Structures are given as C-alpha cells and as structure tokens.
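work.tsv follows (TSV, C-alpha atoms):
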```
chain	number	residue	atom	x	y	z
A	22	MET	CA	26.08	5.76	46.33
A	23	LYS	CA	26.90	5.82	42.63
A	24	PRO	CA	23.97	6.33	40.21
A	25	PRO	CA	23.23	3.51	37.73
A	26	VAL	CA	25.47	3.57	34.68
A	27	GLU	CA	22.58	4.35	32.33
A	28	VAL	CA	21.72	7.43	34.41
A	29	SER	CA	25.32	8.61	34.22
A	30	VAL	CA	25.33	8.10	30.46
A	31	PHE	CA	22.10	10.05	30.09
A	32	LEU	CA	23.50	12.92	32.15
A	33	LEU	CA	26.63	12.93	29.99
A	34	SER	CA	24.47	13.07	26.86
A	35	LEU	CA	22.91	16.29	28.17
A	36	LEU	CA	26.30	17.94	27.66
A	37	GLY	CA	25.66	17.82	23.90
A	38	PRO	CA	23.12	20.66	23.76
A	39	GLY	CA	25.28	22.67	26.19
A	40	VAL	CA	28.33	22.35	23.94
A	41	LEU	CA	26.27	23.41	20.92
A	42	PHE	CA	24.94	26.45	22.78
A	43	ALA	CA	28.44	27.47	23.89
A	44	MET	CA	29.89	27.09	20.37
A	45	ASN	CA	27.00	29.15	19.01
A	46	GLN	CA	28.19	32.05	21.19
A	47	ILE	CA	31.91	31.86	20.30
A	48	PRO	CA	32.78	33.11	16.78
A	49	ALA	CA	36.12	31.25	16.76
A	50	PHE	CA	34.28	27.91	16.72
A	51	GLN	CA	31.95	28.86	13.87
A	52	GLU	CA	34.25	28.04	10.96
A	53	PRO	CA	34.21	24.67	9.12
A	54	LEU	CA	37.51	23.17	10.36
A	55	PRO	CA	37.19	24.36	13.99
A	56	ILE	CA	33.67	22.87	14.05
A	57	LEU	CA	35.03	19.48	12.98
A	58	GLY	CA	37.97	19.72	15.37
A	59	MET	CA	35.79	20.73	18.29
A	60	GLY	CA	33.34	17.95	17.50
A	61	MET	CA	36.06	15.30	17.55
A	62	PHE	CA	37.51	16.80	20.75
A	63	VAL	CA	34.12	16.64	22.46
A	64	LEU	CA	33.57	13.02	21.40
A	65	GLY	CA	37.04	12.13	22.72
A	66	SER	CA	36.29	13.92	25.99
A	67	VAL	CA	33.01	12.05	26.34
A	68	LEU	CA	34.87	8.77	25.80
A	69	LEU	CA	37.32	9.68	28.56
A	70	LEU	CA	34.46	10.54	30.93
A	71	LEU	CA	32.81	7.22	30.11
A	72	ILE	CA	36.01	5.36	30.95
A	73	LEU	CA	36.13	7.16	34.28
A	74	THR	CA	32.45	6.41	34.88
A	75	VAL	CA	32.95	2.62	34.66
A	76	ARG	CA	36.53	2.41	35.96
A	77	HIS	CA	35.31	0.53	39.05
A	78	LYS	CA	33.76	-2.20	36.90
A	79	THR	CA	35.89	-5.34	36.56
A	80	LYS	CA	34.91	-6.06	32.97
A	81	VAL	CA	33.23	-3.68	30.53
A	82	ASP	CA	31.84	-4.75	27.17
A	83	PRO	CA	33.49	-2.61	24.43
A	84	LEU	CA	30.04	-2.11	22.96
A	85	PHE	CA	29.18	-0.01	26.01
A	86	TYR	CA	31.38	2.82	24.73
A	87	VAL	CA	29.73	2.62	21.31
A	88	PHE	CA	26.23	2.74	22.74
A	89	ALA	CA	27.11	5.59	25.10
A	90	GLU	CA	28.72	7.72	22.37
A	91	PHE	CA	25.65	7.23	20.17
A	92	THR	CA	23.51	8.34	23.12
A	93	PHE	CA	25.46	11.60	23.18
A	94	GLY	CA	24.99	12.01	19.42
A	95	GLY	CA	21.29	11.21	19.76
A	96	MET	CA	20.77	14.08	22.20
A	97	VAL	CA	22.46	16.44	19.74
A	98	GLY	CA	20.12	15.17	16.99
A	99	LEU	CA	17.06	15.72	19.14
A	100	THR	CA	18.24	19.28	19.82
A	101	ASN	CA	18.37	19.85	16.07
A	102	ALA	CA	14.81	18.59	15.55
A	103	LEU	CA	13.42	20.78	18.34
A	104	GLU	CA	15.18	23.87	16.98
A	105	GLN	CA	14.14	23.32	13.36
A	106	ASP	CA	10.50	23.05	14.43
A	107	GLY	CA	10.73	26.20	16.56
A	108	PHE	CA	10.52	24.72	20.05
A	109	ILE	CA	13.96	26.03	21.08
A	110	SER	CA	16.55	28.38	19.57
A	111	GLY	CA	20.19	29.39	19.84
A	112	PHE	CA	21.79	25.95	19.49
A	113	MET	CA	22.16	24.99	15.83
A	114	ASP	CA	22.43	28.21	13.78
A	115	PHE	CA	26.20	28.11	13.38
A	116	TYR	CA	26.27	24.37	12.74
A	117	LEU	CA	23.73	24.58	9.94
A	118	ARG	CA	25.67	27.39	8.28
A	119	MET	CA	29.18	25.94	8.52
A	120	GLY	CA	28.72	22.31	9.49
A	121	GLU	CA	25.86	20.30	8.02
A	122	PRO	CA	23.27	22.50	6.26
A	123	HIS	CA	21.28	19.41	5.19
A	124	LEU	CA	20.17	19.00	8.82
A	125	ALA	CA	17.56	21.70	8.16
A	126	THR	CA	15.72	19.47	5.65
A	127	SER	CA	12.48	17.73	6.54
A	128	TYR	CA	14.11	14.31	6.20
A	129	ALA	CA	16.90	15.24	8.64
A	130	VAL	CA	14.37	16.70	11.08
A	131	MET	CA	12.40	13.43	11.12
A	132	MET	CA	15.67	11.51	11.39
A	133	SER	CA	16.55	13.66	14.40
A	134	TYR	CA	13.20	13.00	16.07
A	135	TRP	CA	13.85	9.27	15.65
A	136	GLU	CA	16.84	9.73	17.97
A	137	VAL	CA	14.31	9.54	20.82
A	138	VAL	CA	13.80	5.88	19.89
A	139	HIS	CA	17.56	5.37	19.71
A	140	LEU	CA	18.01	6.98	23.12
A	141	ILE	CA	15.42	4.69	24.71
A	142	LEU	CA	16.92	1.60	23.06
A	143	LEU	CA	20.50	2.51	23.97
A	144	LEU	CA	19.77	3.37	27.59
A	145	THR	CA	17.78	0.14	27.93
A	146	VAL	CA	20.64	-1.86	26.42
A	147	ILE	CA	23.15	-0.22	28.78
A	148	HIS	CA	20.89	-0.96	31.76
A	149	ARG	CA	20.56	-4.61	30.76
A	150	MET	CA	24.29	-4.85	30.03
A	151	PHE	CA	25.24	-3.86	33.58
A	152	SER	CA	22.37	-5.82	35.13
A	153	GLY	CA	23.58	-9.08	33.60
A	154	LYS	CA	20.50	-9.41	31.40
A	155	PRO	CA	20.50	-10.34	27.69
A	156	TYR	CA	20.54	-7.37	25.35
A	157	ARG	CA	21.62	-8.84	22.00
A	158	SER	CA	18.21	-8.56	20.33
A	159	LEU	CA	17.67	-4.96	21.43
A	160	GLY	CA	21.17	-4.19	20.21
A	161	LEU	CA	20.38	-5.67	16.80
A	162	LEU	CA	17.18	-3.61	16.64
A	163	TRP	CA	19.26	-0.47	17.23
A	164	ALA	CA	21.96	-1.60	14.78
A	165	GLY	CA	19.43	-2.09	11.99
A	166	SER	CA	17.98	1.34	12.60
A	167	SER	CA	21.37	3.07	12.90
A	168	ILE	CA	22.84	1.49	9.76
A	169	ALA	CA	19.71	2.29	7.75
A	170	ASN	CA	19.96	5.87	8.98
A	171	GLN	CA	23.55	6.31	7.81
A	172	ILE	CA	23.23	4.33	4.58
A	173	VAL	CA	20.55	6.76	3.39
A	174	LEU	CA	21.95	9.95	4.91
A	175	ILE	CA	25.53	9.85	3.63
A	176	PRO	CA	24.85	9.03	-0.07
A	177	GLY	CA	21.77	11.29	0.02
A	178	VAL	CA	23.87	14.29	0.98
A	179	VAL	CA	26.60	13.48	-1.56
A	180	ILE	CA	24.32	13.05	-4.59
A	181	GLY	CA	21.53	15.45	-3.58
A	182	LYS	CA	21.37	19.21	-3.83
A	183	TYR	CA	23.70	19.61	-0.82
A	184	GLY	CA	26.47	17.66	-2.53
A	185	SER	CA	28.08	20.85	-3.80
A	186	ASN	CA	28.18	22.36	-0.31
A	187	ILE	CA	29.72	19.61	1.81
A	188	ARG	CA	31.65	20.93	4.80
A	189	PRO	CA	34.33	19.05	6.80
A	190	ALA	CA	31.93	18.39	9.70
A	191	PHE	CA	29.83	16.18	7.43
A	192	TRP	CA	32.54	13.53	7.39
A	193	ARG	CA	32.10	12.89	11.08
A	194	ASN	CA	29.24	10.67	9.92
A	195	ALA	CA	31.71	8.21	8.36
A	196	PRO	CA	33.14	6.90	11.68
A	197	PHE	CA	29.62	6.55	13.10
A	198	PHE	CA	28.66	4.56	10.00
A	199	LEU	CA	31.66	2.23	10.31
A	200	VAL	CA	31.23	1.82	14.06
A	201	SER	CA	27.56	0.85	13.53
A	202	PHE	CA	28.67	-1.97	11.22
A	203	TRP	CA	31.34	-3.05	13.71
A	204	ALA	CA	28.81	-3.14	16.54
A	205	ALA	CA	26.33	-5.10	14.41
A	206	SER	CA	29.01	-7.65	13.46
A	207	ARG	CA	29.93	-8.18	17.12
A	208	LEU	CA	26.29	-8.63	18.06
A	209	PHE	CA	25.67	-11.12	15.25
A	210	ARG	CA	28.71	-13.16	16.28
A	211	ARG	CA	27.56	-13.53	19.86
A	212	PRO	CA	25.62	-16.62	20.99
A	213	ARG	CA	21.99	-16.33	20.02
A	214	GLU	CA	19.43	-15.92	22.80
A	215	MET	CA	17.54	-19.12	22.02
A	216	PRO	CA	14.36	-19.93	23.93
A	217	VAL	CA	13.88	-23.40	25.38
A	218	VAL	CA	11.39	-25.40	23.32
A	219	THR	CA	10.51	-29.05	23.78
A	220	ALA	CA	11.73	-31.39	21.09
A	221	ASP	CA	8.20	-32.67	20.52
A	222	LYS	CA	6.93	-29.18	19.79
A	223	VAL	CA	9.80	-28.51	17.39
A	224	ALA	CA	9.10	-31.74	15.52
A	225	ALA	CA	5.35	-31.07	15.37
A	226	GLU	CA	5.74	-27.51	14.10
A	227	GLN	CA	8.24	-28.48	11.44
A	228	LYS	CA	5.89	-31.08	9.98
A	229	LYS	CA	3.32	-28.40	9.18
A	230	GLY	CA	3.11	-27.00	5.67
A	231	LEU	CA	2.56	-23.34	4.93
A	232	LEU	CA	-1.20	-23.83	4.52
A	233	SER	CA	-1.32	-25.21	8.07
A	234	ARG	CA	0.33	-22.04	9.39
A	235	PRO	CA	-2.11	-19.25	8.48
A	236	ALA	CA	-0.08	-16.50	10.19
A	237	ASP	CA	3.02	-17.47	8.21
A	238	LEU	CA	0.96	-17.67	5.02
A	239	LEU	CA	-0.35	-14.14	5.56
A	240	LEU	CA	3.12	-12.83	6.38
A	241	SER	CA	4.52	-14.51	3.25
A	242	LEU	CA	1.90	-12.80	1.10
A	243	LEU	CA	2.60	-9.44	2.73
A	244	LEU	CA	6.34	-9.87	2.21
A	245	LEU	CA	5.76	-10.70	-1.46
A	246	GLY	CA	3.67	-7.55	-1.74
A	247	ALA	CA	6.50	-5.57	-0.10
A	248	VAL	CA	8.98	-6.95	-2.63
A	249	ALA	CA	6.71	-5.92	-5.50
A	250	PHE	CA	6.32	-2.41	-4.05
A	251	PHE	CA	10.06	-2.05	-3.44
A	252	VAL	CA	10.74	-2.99	-7.05
A	253	PHE	CA	8.03	-0.67	-8.37
A	254	ARG	CA	9.30	2.35	-6.43
A	255	GLY	CA	12.84	1.50	-7.49
A	256	PHE	CA	11.69	1.75	-11.10
A	257	VAL	CA	9.93	5.03	-10.30
A	258	VAL	CA	13.04	6.78	-8.96
A	259	LEU	CA	15.08	5.35	-11.86
A	260	ASP	CA	12.78	7.31	-14.21
A	261	CYS	CA	11.03	4.32	-15.71
A	262	PRO	CA	8.91	5.60	-18.66
A	263	LEU	CA	5.91	3.38	-17.86
A	264	ASP	CA	2.65	5.30	-17.38
A	265	ALA	CA	2.12	3.67	-13.98
A	266	CYS	CA	5.45	5.04	-12.72
A	267	PHE	CA	4.74	8.51	-14.10
A	268	THR	CA	1.27	8.56	-12.53
A	269	TYR	CA	2.55	7.34	-9.16
A	270	ILE	CA	5.32	9.87	-8.73
A	271	TYR	CA	3.16	12.85	-9.72
A	272	GLN	CA	-0.17	11.89	-8.17
A	273	TYR	CA	0.75	9.78	-5.13
A	274	GLU	CA	4.33	10.31	-3.90
A	275	PRO	CA	5.86	13.43	-5.46
A	276	TYR	CA	8.32	13.42	-2.54
A	277	LEU	CA	10.23	10.75	-4.48
A	278	LYS	CA	11.45	13.47	-6.86
A	279	ASP	CA	12.52	15.90	-4.14
A	280	PRO	CA	15.95	17.23	-5.23
A	281	VAL	CA	17.27	16.86	-1.67
A	282	GLY	CA	17.90	13.25	-2.68
A	283	PHE	CA	17.17	11.24	0.46
A	284	SER	CA	13.97	9.64	-0.83
A	285	ARG	CA	15.66	8.56	-4.05
A	286	ILE	CA	18.53	6.91	-2.16
A	287	MET	CA	16.07	5.20	0.18
A	288	MET	CA	14.13	3.67	-2.69
A	289	LEU	CA	17.37	2.43	-4.27
A	290	VAL	CA	18.47	0.92	-0.96
A	291	TYR	CA	15.14	-0.90	-0.81
A	292	PHE	CA	15.53	-2.01	-4.42
A	293	PHE	CA	19.08	-3.36	-4.14
A	294	TYR	CA	19.26	-4.46	-0.50
A	295	ALA	CA	15.79	-4.88	1.01
A	296	VAL	CA	14.47	-6.97	-1.90
A	297	PRO	CA	17.18	-9.67	-1.62
A	298	LEU	CA	16.88	-9.67	2.17
A	299	VAL	CA	13.10	-10.09	2.08
A	300	ILE	CA	13.48	-12.99	-0.36
A	301	VAL	CA	15.91	-14.63	2.08
A	302	LEU	CA	13.46	-14.03	4.94
A	303	LEU	CA	10.70	-15.61	2.87
A	304	TYR	CA	12.91	-18.67	2.44
A	305	GLY	CA	13.53	-18.80	6.20
A	306	LEU	CA	9.84	-18.48	6.97
A	307	ASN	CA	9.07	-21.48	4.80
A	308	THR	CA	12.06	-23.72	5.60
A	309	PRO	CA	12.36	-25.49	8.99
A	310	GLY	CA	15.43	-24.87	11.09
A	311	CYS	CA	16.41	-21.34	9.97
A	312	SER	CA	17.25	-20.08	13.45
A	313	TRP	CA	19.08	-17.07	11.99
A	314	MET	CA	15.61	-15.63	11.35
A	315	LEU	CA	15.47	-14.63	15.02
A	316	ASP	CA	18.31	-12.17	14.40
A	317	TRP	CA	17.74	-10.89	10.89
A	318	THR	CA	14.03	-10.19	11.33
A	319	VAL	CA	14.84	-7.94	14.31
A	320	PHE	CA	17.61	-6.17	12.39
A	321	PHE	CA	15.34	-5.66	9.37
A	322	ALA	CA	12.45	-4.43	11.55
A	323	GLY	CA	14.71	-1.74	13.03
A	324	ALA	CA	15.89	-0.64	9.59
A	325	MET	CA	12.40	-0.43	8.12
A	326	ALA	CA	10.92	1.39	11.11
A	327	GLN	CA	13.60	4.09	10.92
A	328	THR	CA	13.49	4.64	7.17
A	329	GLN	CA	9.70	4.59	6.90
A	330	TRP	CA	9.34	7.02	9.80
A	331	CYS	CA	11.66	9.45	8.03
A	332	HIS	CA	10.03	8.94	4.64
A	333	ILE	CA	6.46	9.36	5.83
A	334	GLY	CA	7.27	12.33	8.06
A	335	ALA	CA	9.35	14.12	5.43
A	336	SER	CA	6.64	13.75	2.78
A	337	LEU	CA	4.24	15.61	5.11
A	338	HIS	CA	6.56	18.06	6.89
A	339	SER	CA	6.22	21.78	6.31
A	340	ARG	CA	9.92	22.04	5.43
A	341	THR	CA	9.28	19.98	2.30
A	342	PRO	CA	8.23	22.27	-0.58
A	343	PHE	CA	4.50	22.04	-1.16
A	344	THR	CA	4.88	20.54	-4.65
A	345	TYR	CA	6.73	17.54	-3.20
A	346	ARG	CA	4.38	16.84	-0.29
A	347	ALA	CA	1.84	14.03	-0.40
A	348	PRO	CA	-1.29	15.30	-2.22
A	349	ALA	CA	-4.21	15.88	0.12
A	350	ASP	CA	-6.60	13.61	-1.80
A	351	LYS	CA	-4.11	10.70	-1.85
A	352	ARG	CA	-2.50	11.28	1.52
A	353	TRP	CA	-4.16	8.63	3.65
A	354	PRO	CA	-3.82	5.70	1.22
A	355	VAL	CA	-0.13	6.54	0.75
A	356	ILE	CA	0.43	6.88	4.50
A	357	ALA	CA	-1.37	3.60	5.16
A	358	LEU	CA	0.72	1.77	2.57
A	359	ASN	CA	3.97	3.15	3.98
A	360	VAL	CA	2.95	2.34	7.56
A	361	LEU	CA	2.20	-1.20	6.43
A	362	LEU	CA	5.72	-1.45	5.00
A	363	ALA	CA	7.10	-0.66	8.45
A	364	ALA	CA	4.60	-2.86	10.28
A	365	VAL	CA	5.15	-6.09	8.30
A	366	PRO	CA	8.83	-6.54	9.30
A	367	ALA	CA	7.91	-5.77	12.91
A	368	LEU	CA	5.11	-8.36	12.82
A	369	LEU	CA	7.50	-10.88	11.28
A	370	ALA	CA	10.05	-10.30	14.05
A	371	LEU	CA	7.35	-10.66	16.71
A	372	ARG	CA	6.11	-13.87	15.10
A	373	CYS	CA	9.62	-15.35	15.16
A	374	ARG	CA	10.07	-14.42	18.80
A	375	ALA	CA	6.63	-15.55	19.95
A	376	ASN	CA	6.66	-18.97	18.29
A	377	PRO	CA	10.22	-19.99	17.35
A	378	ALA	CA	9.67	-23.77	17.23
A	379	PHE	CA	9.54	-23.89	13.42
A	380	LEU	CA	12.82	-22.00	13.26
A	381	MET	CA	14.78	-24.26	15.62
A	382	LYS	CA	17.31	-26.72	14.32
A	383	PRO	CA	15.66	-30.01	13.23
A	384	VAL	CA	15.37	-32.60	15.98
A	385	PRO	CA	17.35	-35.83	15.39
A	386	LYS	CA	15.34	-39.03	15.42
A	387	GLY	CA	14.90	-40.52	18.83
A	388	GLN	CA	15.04	-37.17	20.62
A	389	SER	CA	11.43	-36.06	20.29
A	390	ASN	CA	10.26	-36.37	23.87
A	391	ASP	CA	9.49	-33.90	26.59
A	392	ASP	CA	12.71	-34.61	28.47
A	393	LYS	CA	14.91	-33.44	25.57
A	394	LYS	CA	15.00	-29.68	25.14
A	395	LYS	CA	16.23	-27.83	22.14
A	396	ASN	CA	18.55	-24.96	23.15
```
Show me, as structure tokens, the structure contained in the file I just sent.
Amino acid sequence: MKPPVEVSVFLLSLLGPGVLFAMNQIPAFQEPLPILGMGMFVLGSVLLLLILTVRHKTKVDPLFYVFAEFTFGGMVGLTNALEQDGFISGFMDFYLRMGEPHLATSYAVMMSYWEVVHLILLLTVIHRMFSGKPYRSLGLLWAGSSIANQIVLIPGVVIGKYGSNIRPAFWRNAPFFLVSFWAASRLFRRPREMPVVTADKVAAEQKKGLLSRPADLLLSLLLLGAVAFFVFRGFVVLDCPLDACFTYIYQYEPYLKDPVGFSRIMMLVYFFYAVPLVIVLLYGLNTPGCSWMLDWTVFFAGAMAQTQWCHIGASLHSRTPFTYRAPADKRWPVIALNVLLAAVPALLALRCRANPAFLMKPVPKGQSNDDKKKN
C-alpha cells in the first residue's frame, strides 16, 4: 500500500538536511560555484523523484511540484534556524561561509523558523489536492507569505551590509521568487470558492451602511491606523528629519536602522505596496459586491503574518546587536503594536470568510427569495 502523497513529500523533504550534512563533510562541495551547482542538481533530483512518486496518478496539478519543492526548501530553512540557535550543528557551516552568509542574521533565523508554518500549509494543501478538496484559499495564504518573504529578503541582501559579499548560491532565490508569483497568478485565476448564500441575505446585508456593521466599522478604523503607521515608519527609514521620527527610531524601534537592511526594505515595502493595498481593501469593505476581497484579504494576511513575525523576532533576537534591539522599557508597547499589525489583516480575512454576504455580487431585482442562491 502506497503512503499518502503528502507523507511521501515530507519524507523527501527530510533529504534536505542530509544533503547539507554530506556537503559539509566534502571539501570539493564547499566552494561557491559547486555549492550552486549541487543545489540546482539536488532540486532537479527532487523534482524527478516527485514525478516518480505521482506517476500512477492520472492527472497532477502542476502546482503540486511547486508546493513539494518549497517543502524541501522549507526543511533546509528549518535546519538553518536550529543550527544558528545552537540546537544542532554540522549542517550549515560551509553554506554560511561560501553560500549565503546573511542566513546567520537574526532576520534570516526568524524567517527560517517561519518555514514550519510553510511546511504545515504546503503539506495540508497537497493533502487536500489529492483528496479532491478545495485548497485555493490555503494556497493563497502560502503565496502571500512566500512572496513577502522573498520581496524583503532579496533586496535586503543586495542593499544591506551583505551586498558586497554576494555569492552565486544567493541567486537561487530568484527562481523561487518568480515561481511564487507564477503559483499565485494560477491560484488567483482559478474559480473562487464561493459559499452559498441566500439572495435575501445578500440583499439585506448590502442595504446596511457602515454604522450598521460595527465589526466592519472597527476593522475600517484599524486599517486606517495601519495605513498611518505604515506611512510613518516609511518616513522613519527614509530619514525624515521630524522630531517624531528621530525619537521613534532611537527610543522605540532602533532595529529599523540595523545595517543588515531587512527592516528598512520591509518598511519601504509596506510604504509603497501595503498602503495602496490596504486602501483598496478599505474600499472593498465598504462597497457591496467586492467578492475579490475573499482572495486578497487571505493573501495579505499571509504576507503580514510572515513579515511581522520576522520583524518582531529579529528586533528581540540575540543575534541582533544590542544597540538595535527593542529597548527594555519600550519593548511591550512596540511588540503589541507590531502584533496588532499582523492580527488586523488576519481578522479581516476571517470576517470576509465568516460573513461574505456583503461581498457577494449584487442580487438582481426579482431574485431576492430563499429559492434563489447566490453562487
């Protein structure tokens, strides 16, 4: 009896730490170009094993291979986190020297721990894929997190203090970045998993103003606050001369001036990308019939959860120089504010899933009865 596909994928992902350990023992594979070449060879070999694993399946979604390859990469990332924090040893020494030295930073360690979330999401998606269950929303949650990961990591390395020491292995991140976008585009193009809601309920919900929807009113206010905070921190990392910006970066979040560069890139991503997206989500929350909110809120929740986890963790981690860590007397207010930034998109996504009637397409006249369903 063959094991479930997700079990086979998980077992394949365990090869990642083994390959790292073997390369760490062989001097020939501890030079920059051989590291890149071996990495690409291993990924190609994993792809071949995946094809053999599902060869008996009549039809396989191409996204399966993407999710499975990322599962393999996620196990490698988790190995890095465990080694950097001293739980294991003998796996990553050579790779940090000749491959990606930035992986020893506090931000990269927290990013690597987040791979546990990616592993759970990906294995769940693969299970649902081969069980004939919907997985589009979980896939979008992963896509938001994965894209946010890469969109901060790659520019952060290039412009930060590791930009002058980029090795060939670093560029393996580029295909993962592009494949994440490709996977997200395929997921967005697929039919939306719309719940069945009676036409009467849709019509009734869409007649309500914002004041009659207290949960939406609160979420709107929180999203406006998030926009203001995104803009403020964008000004901070752009060296705005205002006293408030100077006070904030030195007394509340000195991690924003860490020369590693990841925090600065993250704040700029929020400033230029999250702000417009939140404004669009505010529009959707206050305009009937914006069914696309069911997708974009999930995608945004994944992105914010990943980036805020890394930002909060890195500002407290022992690998961050003491002068850039969150000050002890301001630590809890700063942590609470950053946790709230991750929680609000998640609450918005849950709200859209739990009560989607307001977001459904408007009901034509004459169809508001219990026998007409809105799909």
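The closest residue to Ala195 in chain A, picked from A:Gly160, A:Pro176, A:Gly37, A:Pro53 and counting only C-alpha atoms, is A:Pro176.
When all atoms listed in the file are used to compute distances to Phe250 in chain A, the closest of the residues A:Pro24, A:Leu358, A:Met325, A:Ile333 turns out to be A:Leu358.
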Checklist entry - Contacts of Ser312 in chain A at 7 Å or less, counting all atoms listed in the file, minus same-chain residues fewer than 6 places along, as a list in words? => result Leu380, Met381 and Lys382 of chain A
Residues of range 126-202 of chain A that have any atom at most 9 Å from an atom of range 54-78 of chain A: could you tabulate them with the shortest-distance atom pair and the distance in Å to one decimal, using only C-alpha atoms, ordered by chain and increasing number, as a Markdown table?
```
| residue | atom | partner | partner_atom | distance |
| --- | --- | --- | --- | --- |
| A:Arg188 | CA | A:Leu54 | CA | 8.4 |
| A:Pro189 | CA | A:Leu57 | CA | 6.2 |
| A:Ala190 | CA | A:Leu57 | CA | 4.6 |
| A:Phe191 | CA | A:Leu57 | CA | 8.3 |
| A:Trp192 | CA | A:Leu57 | CA | 8.5 |
| A:Arg193 | CA | A:Leu57 | CA | 7.5 |
```
Got time to write the residues from that selection, C-alpha atoms, as a short mmCIF file (atom, residue, chain, number, x, y, z; two decimals), keeping the file's coordinate frame?
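Generated file (out_26.cif):
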```
data_model
loop_
_atom_site.label_atom_id
_atom_site.label_comp_id
_atom_site.auth_asym_id
_atom_site.auth_seq_id
_atom_site.Cartn_x
_atom_site.Cartn_y
_atom_site.Cartn_z
CA ARG A 188 31.65 20.93 4.80
CA PRO A 189 34.33 19.05 6.80
CA ALA A 190 31.93 18.39 9.70
CA PHE A 191 29.83 16.18 7.43
CA TRP A 192 32.54 13.53 7.39
CA ARG A 193 32.10 12.89 11.08
#
```
With all atoms listed in the file counted and 12 Å as the cut-off, give the residues of range 270-353 of chain A in contact with range 202-211 of chain A, each with its shortest interatomic distance in Å and the pair that gives it, as JSON lines.
```
{"residue": "A:Trp313", "atom": "CA", "partner": "A:Phe209", "partner_atom": "CA", "distance": 9.5}
{"residue": "A:Met314", "atom": "CA", "partner": "A:Phe209", "partner_atom": "CA", "distance": 11.7}
{"residue": "A:Leu315", "atom": "CA", "partner": "A:Phe209", "partner_atom": "CA", "distance": 10.8}
{"residue": "A:Asp316", "atom": "CA", "partner": "A:Phe209", "partner_atom": "CA", "distance": 7.5}
{"residue": "A:Trp317", "atom": "CA", "partner": "A:Phe209", "partner_atom": "CA", "distance": 9.1}
{"residue": "A:Val319", "atom": "CA", "partner": "A:Phe209", "partner_atom": "CA", "distance": 11.3}
{"residue": "A:Phe320", "atom": "CA", "partner": "A:Ala205", "partner_atom": "CA", "distance": 9.0}
```
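CA of Ala357 in chain A is found 26.1 Å from CA of Leu99 in chain A.
For the choices A:Met132, A:Leu143, A:Ile172, A:Ala220, the atom-to-atom distance to Phe85 in chain A is smallest for A:Leu143 when using all atoms listed in the file.
Across A:Phe93, A:Phe321, A:Tyr116, A:Phe88, the tightest approach to Phe42 in chain A is made by A:Tyr116 when counting only C-alpha atoms.
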